[in-house]
Amino acid sequence: MDFSFTEEQSMLRDTIASYLADNYSFDQRRAALGREPFWRPDVWSAFADELGILGAAFPEAQGGLGGGYTENMVVMEELGKALVVEPYLGTVVIGGGFLKHGAPAGAEEMIGQIIAGKAIFAFAYAEPQGRYNIRDLKTTARKDGAGYVLNGHKAVVVGAPYATHLVVTARTGGGQRDAGGISVFIVPKSAKGVTTRDYPTVDGFRASEVYFENVALGAEARIGGEGEALPLVEKVMDEAIAATCAEACGVLRRLQEGTVEYTKQRKQFGVPISSFQVLQHRMVDMFIQLEQSISMTYMATIRLSDGDAERAKAASAAKVQIGKACKFVGQNAVQLHGGMGVTDEMAIGHYFKRATMIEGLFGSTDHHLARYETLSLGAAA
Amino acid sequence: MNLDFPPEDTAFREEVRTFLAENYPRDLREKQERGETLGKEDYLSWHRILAKKGWSTPSWPVELGGTGWTPTQKYIWSEEQARADTLGVLPFGVSMLAPVLYTFGTEEQKQRFLPGIRDGIDWWCQGYSEPGSGSDLASLKTRAERITGDDGKEYYVVNGQKTWTTLGQHADWGFFLVRTDPDAKPQAGISFLLIDMKSPGIAVRRITTLEGGHEVNDVFLDNVKVPVENRVFHENQGWTCAKALLAHERSGIAGVARSKRGLERLRQMASTEMSDDGGSLIQDAFFRRKVAELEIDLTALEFTELRTLAGESSGKGPGPESSILKIKGTEIQQRLQDLALEAAGHYGAPFLGEAGHNSGIGPQHSLDLAGDYFNGRKTSIYGGSNEIQRNIISKMVLGL
């Protein structure tokens, strides 16, 4: 049992933190999000070249630094603290996850492209009708000779506007909600028949509605077995959930610390409002939620290496805690900032918006409670 | 970061499990299963078996009788005890007073009192709260005046009333906070005294709690003579001891392993109880959701405790963060009791008292669940109420 970080992991954290402190202030972020291209390719290049962090979680044999889940956790927490919108989650955690576990032909080359900052991935899994059920797919990949023809509509694909590649779930068989018949493809965004409608999300990210119309794919575009990719999708999504929990810990920390700081400055009735016990206890409860969230993020990150059922239970349990914490800490941070919390001018509201979106990312609190229940009753039977 | 247990810890778990299976007294086990009220000898007999093995005081310094276990081993120890449903060693002597004695006591005091605590000879009770001093403990009024006795020796004469003294009816000794300087600031005029409960002038009065049990007491002190050498640490500096003791009291209070066992029992019970639609209660959409949420919160508490333990093994003592463990740990214990009573349905109602345990009324698992629930309201009140814990975190951690 060990909850400590290696020297390399601590260095990784410091490297990112100090880069973001110098280059990713609230004002810099806001300015960049308000103009084309609505993200910062220069930051991404710096991640690849100057900082070299995009390879931290890849094996050395694939040109990475030999890290894994813990490295992703460390990076994501720091990105959360600065509300970074650049697509580490989609590219390294999700794109990289599919390439590592699915190991399609050409995976090593593509991982090299990720590490170099050239290939950027977005995960096109959700569909307008499917809510959080990842099996509910109307998108089809019809067999055509040796390859496939892809048709369908993917909803709110976060990061798609910046992406060079999409990871797409589609039916090669089975009914709309069946576990069988699901396949995964890597689709270059430039492929003929791919169109997108791009838009901003409420928390400053960018997303797209993605439409596939008779997109021709070679057999090599498929990751994992035909019609048998659901376990792979679940594994990578659990990895994405753990990484999102880590990001949330960074967001929650800023919300909690920012609120403590603000209440010490803000005076009413002639005294700092931090001297009121009703506010003190609220902030203690926010702090407890943060600590419990950190604990669950460690737990889920460590258990990513366990068997499927344990891993899935752990990821869902963590997401339940993080979902509740995002709501409680976010809402109370705004409440304790009073009117200032509702303005666009202070960072606190922007952390609140990200926290709120994390609540629903990869499944709401209720979704994951239900998944956890099913898994734990399964274990009892 | 990892959760791996090295081979030596796995072997340790085996050793502990075997020891508990082979040595836990059969008659005690049967009494527990029948739900009988346990007496002084029940507690002490198990304590003495542990003491003989050298395991009654794992957290003490090794030279005084500690086991030198790693935090992981202590964690395994508490898990295995919970798994085997054994009684715990009572905390008053072993984990509350002893750290004060070996931190602040004289060599003489250590030699005089620690062996009796370790070996389960002396039963200790706590004289902290007073009728007018609960959360505001430092306002305590029990007065100790220094006199020279007829024998020429120095004594304190103690007058006052203590309350909520847990299992004080069995106690041989008590540790008391008393006021030795009424003119100083509240915290500055308190001393820490060890008092023989057989001293003339001490009266213990039963307080009956909601479930009908006798667990807590009032203790009246009427001109009780206490030799000055029974004072721990300096006169008027007892508050230092009091605070140290409270931090130790809190660190063991999370009860993660016991709650995990309690959750297992709740699941078993809810799989035999029926829901309104005739399926098992554990399949009921509303009930099972509450169980799942509880289990997730317990997992979070467990990992917060593991993080705290990891911090302690790297040299940090139990800090103000242990207040988190107290708050969340007791909330979870209470939710478990709440859900168990809910699961019992109609058979939560019968009050069968001492004699009713073989009455055949209702399923065996329903017995005493209401009592546990009523009694369990104490956990968010004792050891510094959960509101006081929030004050501590607010001041010591958040700097408010």
# chains A, B, ... in the order shown; residues from 1 in each chain; ligands from 1
>>> select_by_dssp(residues="range 47-121 of chain A", states="alpha helix (DSSP H)", output="PyMOL selection string")
chain A and resi 69-81+88+96-102+107-115
>>> select_by_dssp(residues="range 181-308 of chain A", states="strand (DSSP E or B)", output="number ranges by chain")
A: 182-188, 194-200, 206-217, 222-223, 228, 267-268, 271-272
>>> interface_residues(of="chain B", to="chain A", cutoff="8 Å", atoms="only C-alpha atoms", output="ChimeraX atom specification")
/B:1-5,72,288-289,292-293,296-297,299-301,303-304,307,310,324,387,390-391,393-394,398,400
>>> write_last_selection(atoms="C-alpha atoms", output="PDB file, in the first residue's frame")
ATOM      1  CA  MET B   1       0.806   4.497  -5.911  1.00  0.00           C
ATOM      2  CA  ASN B   2      -0.473   0.996  -5.384  1.00  0.00           C
ATOM      3  CA  LEU B   3      -2.569  -1.140  -3.044  1.00  0.00           C
ATOM      4  CA  ASP B   4      -0.323  -4.167  -3.069  1.00  0.00           C
ATOM      5  CA  PHE B   5       0.221  -6.061   0.151  1.00  0.00           C
ATOM      6  CA  THR B  72      -0.632  -1.541   7.065  1.00  0.00           C
ATOM      7  CA  ARG B 288     -30.559  -0.653  -2.781  1.00  0.00           C
ATOM      8  CA  ARG B 289     -29.709   2.830  -3.964  1.00  0.00           C
ATOM      9  CA  ALA B 292     -24.969   1.698  -2.757  1.00  0.00           C
ATOM     10  CA  GLU B 293     -24.509   5.345  -1.757  1.00  0.00           C
ATOM     11  CA  ILE B 296     -19.446   4.448  -1.881  1.00  0.00           C
ATOM     12  CA  ASP B 297     -19.160   6.926   0.988  1.00  0.00           C
ATOM     13  CA  THR B 299     -15.015   3.554   0.359  1.00  0.00           C
ATOM     14  CA  ALA B 300     -14.158   7.249   0.289  1.00  0.00           C
ATOM     15  CA  LEU B 301     -13.726   7.251   4.068  1.00  0.00           C
ATOM     16  CA  PHE B 303      -9.195   5.746   1.407  1.00  0.00           C
ATOM     17  CA  THR B 304      -9.097   8.984   3.363  1.00  0.00           C
ATOM     18  CA  ARG B 307      -4.051   8.351   3.212  1.00  0.00           C
ATOM     19  CA  ALA B 310       0.297   6.688   5.089  1.00  0.00           C
ATOM     20  CA  ILE B 324     -12.752  14.402   8.979  1.00  0.00           C
ATOM     21  CA  GLU B 387     -19.995  20.545  14.998  1.00  0.00           C
ATOM     22  CA  ARG B 390     -15.972  21.399  12.060  1.00  0.00           C
ATOM     23  CA  ASN B 391     -14.753  24.218  14.282  1.00  0.00           C
ATOM     24  CA  ILE B 393     -11.003  21.953  10.814  1.00  0.00           C
ATOM     25  CA  SER B 394     -12.123  25.527  10.230  1.00  0.00           C
ATOM     26  CA  LEU B 398      -8.602  26.276   6.726  1.00  0.00           C
ATOM     27  CA  LEU B 400     -10.647  30.704   9.357  1.00  0.00           C
TER      28      LEU B 400
END
>>> residues_around(residues="range 74-76 of chain A", least_positions_apart="6", cutoff="12 Å", atoms="only C-alpha atoms", output="PyMOL selection string")
(chain A and resi 4-6+8-17+20+47+51-57+67-68+82-90+92-93+239-251+294+297-298+301) or (chain B and resi 1)
>>> residues_around(residues="Phe205 in chain A", least_positions_apart="3", cutoff="8 Å", atoms="only C-alpha atoms", output="JSON, numbers by chain")
{"A": [85, 158, 159, 200, 201, 202]}
>>> atom_distance(atom1="CA of His153 in chain A", atom2="CA of Tyr211 in chain A")
4.6 Å
>>> residues_around(residues="Lys235 in chain A", least_positions_apart="6", cutoff="10 Å", atoms="only C-alpha atoms", output="ChimeraX atom specification")
/A:94,97-98,101,241,304-305,307-308,311-312,315
>>> closest_atom_pairs(of="range 153-219 of chain B", to="range 114-138 of chain B", cutoff="7 Å", atoms="only C-alpha atoms", output="tab-separated table")
residue	atom	partner	partner_atom	distance
B:Gln161	CA	B:Glu130	CA	6.1
B:Lys162	CA	B:Glu130	CA	4.5
B:Thr163	CA	B:Glu130	CA	5.2
B:Trp164	CA	B:Ser129	CA	6.7
B:Thr165	CA	B:Gln126	CA	5.8
B:Thr166	CA	B:Cys125	CA	6.6
B:Leu167	CA	B:Cys125	CA	6.9
B:Gly168	CA	B:Cys125	CA	5.4
B:His170	CA	B:Trp123	CA	6.8
B:Ala171	CA	B:Trp123	CA	4.8
B:Asp172	CA	B:Trp123	CA	5.1
B:Trp173	CA	B:Trp124	CA	4.8
B:Gly174	CA	B:Cys125	CA	4.6
B:Phe175	CA	B:Gln126	CA	5.4
B:Phe176	CA	B:Gly127	CA	4.3
B:Leu177	CA	B:Tyr128	CA	5.6
B:Pro186	CA	B:Ala138	CA	5.5
B:Gln187	CA	B:Ala138	CA	5.5
>>> write_last_selection(atoms="N, CA and C atoms", output="PDB file, in the first residue's frame")
ATOM      1  N   GLN B 161     -18.970  17.495  39.832  1.00  0.00           N
ATOM      2  CA  GLN B 161     -19.731  16.422  39.178  1.00  0.00           C
ATOM      3  C   GLN B 161     -19.265  16.244  37.736  1.00  0.00           C
ATOM      4  N   LYS B 162     -19.002  15.000  37.396  1.00  0.00           N
ATOM      5  CA  LYS B 162     -18.697  14.640  36.006  1.00  0.00           C
ATOM      6  C   LYS B 162     -19.876  13.858  35.434  1.00  0.00           C
ATOM      7  N   THR B 163     -19.976  13.862  34.117  1.00  0.00           N
ATOM      8  CA  THR B 163     -21.106  13.125  33.539  1.00  0.00           C
ATOM      9  C   THR B 163     -20.723  12.457  32.212  1.00  0.00           C
ATOM     10  N   TRP B 164     -21.626  11.639  31.708  1.00  0.00           N
ATOM     11  CA  TRP B 164     -21.415  10.826  30.493  1.00  0.00           C
ATOM     12  C   TRP B 164     -20.214   9.899  30.655  1.00  0.00           C
ATOM     13  N   THR B 165     -19.958   9.475  31.869  1.00  0.00           N
ATOM     14  CA  THR B 165     -18.785   8.627  32.110  1.00  0.00           C
ATOM     15  C   THR B 165     -19.109   7.203  31.668  1.00  0.00           C
ATOM     16  N   THR B 166     -18.568   6.850  30.497  1.00  0.00           N
ATOM     17  CA  THR B 166     -18.904   5.563  29.878  1.00  0.00           C
ATOM     18  C   THR B 166     -18.330   4.394  30.680  1.00  0.00           C
ATOM     19  N   LEU B 167     -19.192   3.457  31.008  1.00  0.00           N
ATOM     20  CA  LEU B 167     -18.838   2.240  31.749  1.00  0.00           C
ATOM     21  C   LEU B 167     -18.113   2.551  33.060  1.00  0.00           C
ATOM     22  N   GLY B 168     -18.388   3.732  33.587  1.00  0.00           N
ATOM     23  CA  GLY B 168     -17.789   4.121  34.873  1.00  0.00           C
ATOM     24  C   GLY B 168     -18.224   3.206  36.008  1.00  0.00           C
ATOM     25  N   HIS B 170     -17.959   0.181  36.158  1.00  0.00           N
ATOM     26  CA  HIS B 170     -16.981  -0.905  36.336  1.00  0.00           C
ATOM     27  C   HIS B 170     -15.592  -0.389  36.703  1.00  0.00           C
ATOM     28  N   ALA B 171     -15.436   0.917  36.738  1.00  0.00           N
ATOM     29  CA  ALA B 171     -14.075   1.459  36.714  1.00  0.00           C
ATOM     30  C   ALA B 171     -13.329   1.290  38.041  1.00  0.00           C
ATOM     31  N   ASP B 172     -12.042   0.950  37.907  1.00  0.00           N
ATOM     32  CA  ASP B 172     -11.142   0.950  39.052  1.00  0.00           C
ATOM     33  C   ASP B 172     -10.487   2.316  39.210  1.00  0.00           C
ATOM     34  N   TRP B 173     -10.235   2.948  38.077  1.00  0.00           N
ATOM     35  CA  TRP B 173      -9.554   4.238  38.070  1.00  0.00           C
ATOM     36  C   TRP B 173     -10.221   5.167  37.060  1.00  0.00           C
ATOM     37  N   GLY B 174     -10.031   6.464  37.281  1.00  0.00           N
ATOM     38  CA  GLY B 174     -10.521   7.422  36.293  1.00  0.00           C
ATOM     39  C   GLY B 174      -9.503   8.521  36.065  1.00  0.00           C
ATOM     40  N   PHE B 175      -9.488   9.055  34.838  1.00  0.00           N
ATOM     41  CA  PHE B 175      -8.662  10.249  34.602  1.00  0.00           C
ATOM     42  C   PHE B 175      -9.590  11.442  34.501  1.00  0.00           C
ATOM     43  N   PHE B 176      -9.264  12.484  35.258  1.00  0.00           N
ATOM     44  CA  PHE B 176     -10.196  13.596  35.448  1.00  0.00           C
ATOM     45  C   PHE B 176      -9.542  14.918  35.095  1.00  0.00           C
ATOM     46  N   LEU B 177     -10.332  15.773  34.492  1.00  0.00           N
ATOM     47  CA  LEU B 177      -9.915  17.165  34.329  1.00  0.00           C
ATOM     48  C   LEU B 177     -10.552  17.963  35.466  1.00  0.00           C
ATOM     49  N   PRO B 186      -9.838  30.110  31.300  1.00  0.00           N
ATOM     50  CA  PRO B 186     -10.385  28.751  31.426  1.00  0.00           C
ATOM     51  C   PRO B 186      -9.376  27.637  31.127  1.00  0.00           C
ATOM     52  N   GLN B 187      -8.690  27.712  29.988  1.00  0.00           N
ATOM     53  CA  GLN B 187      -7.786  26.617  29.626  1.00  0.00           C
ATOM     54  C   GLN B 187      -6.555  26.555  30.522  1.00  0.00           C
TER      55      GLN B 187
END
>>> atom_distance(atom1="CA of Gly130 in chain A", atom2="CA of Asn72 in chain A")
28.3 Å
>>> atom_distance(atom1="CA of Arg267 in chain B", atom2="CA of Gly362 in chain B")
18.1 Å
>>> residues_around(residues="Ile114 in chain A", least_positions_apart="5", cutoff="9 Å", atoms="only C-alpha atoms", output="ChimeraX atom specification")
/A:48,54-55,91-92,95-96,109,119-121
>>> residues_around(residues="Ser259 in chain B", least_positions_apart="2", cutoff="9 Å", atoms="only C-alpha atoms", output="list in words")
Ala82, Ala254, Gly255, Val256, Ala257, Arg261, Gly262, Leu263, Glu264, Leu298, Gly329, Ile332, Gln333 and Leu336 of chain B
>>> closest_residue(among="A:Glu108, A:Asp42, A:Glu234, A:Glu213", to="Arg135 in chain A", atoms="only C-alpha atoms")
A:Glu234
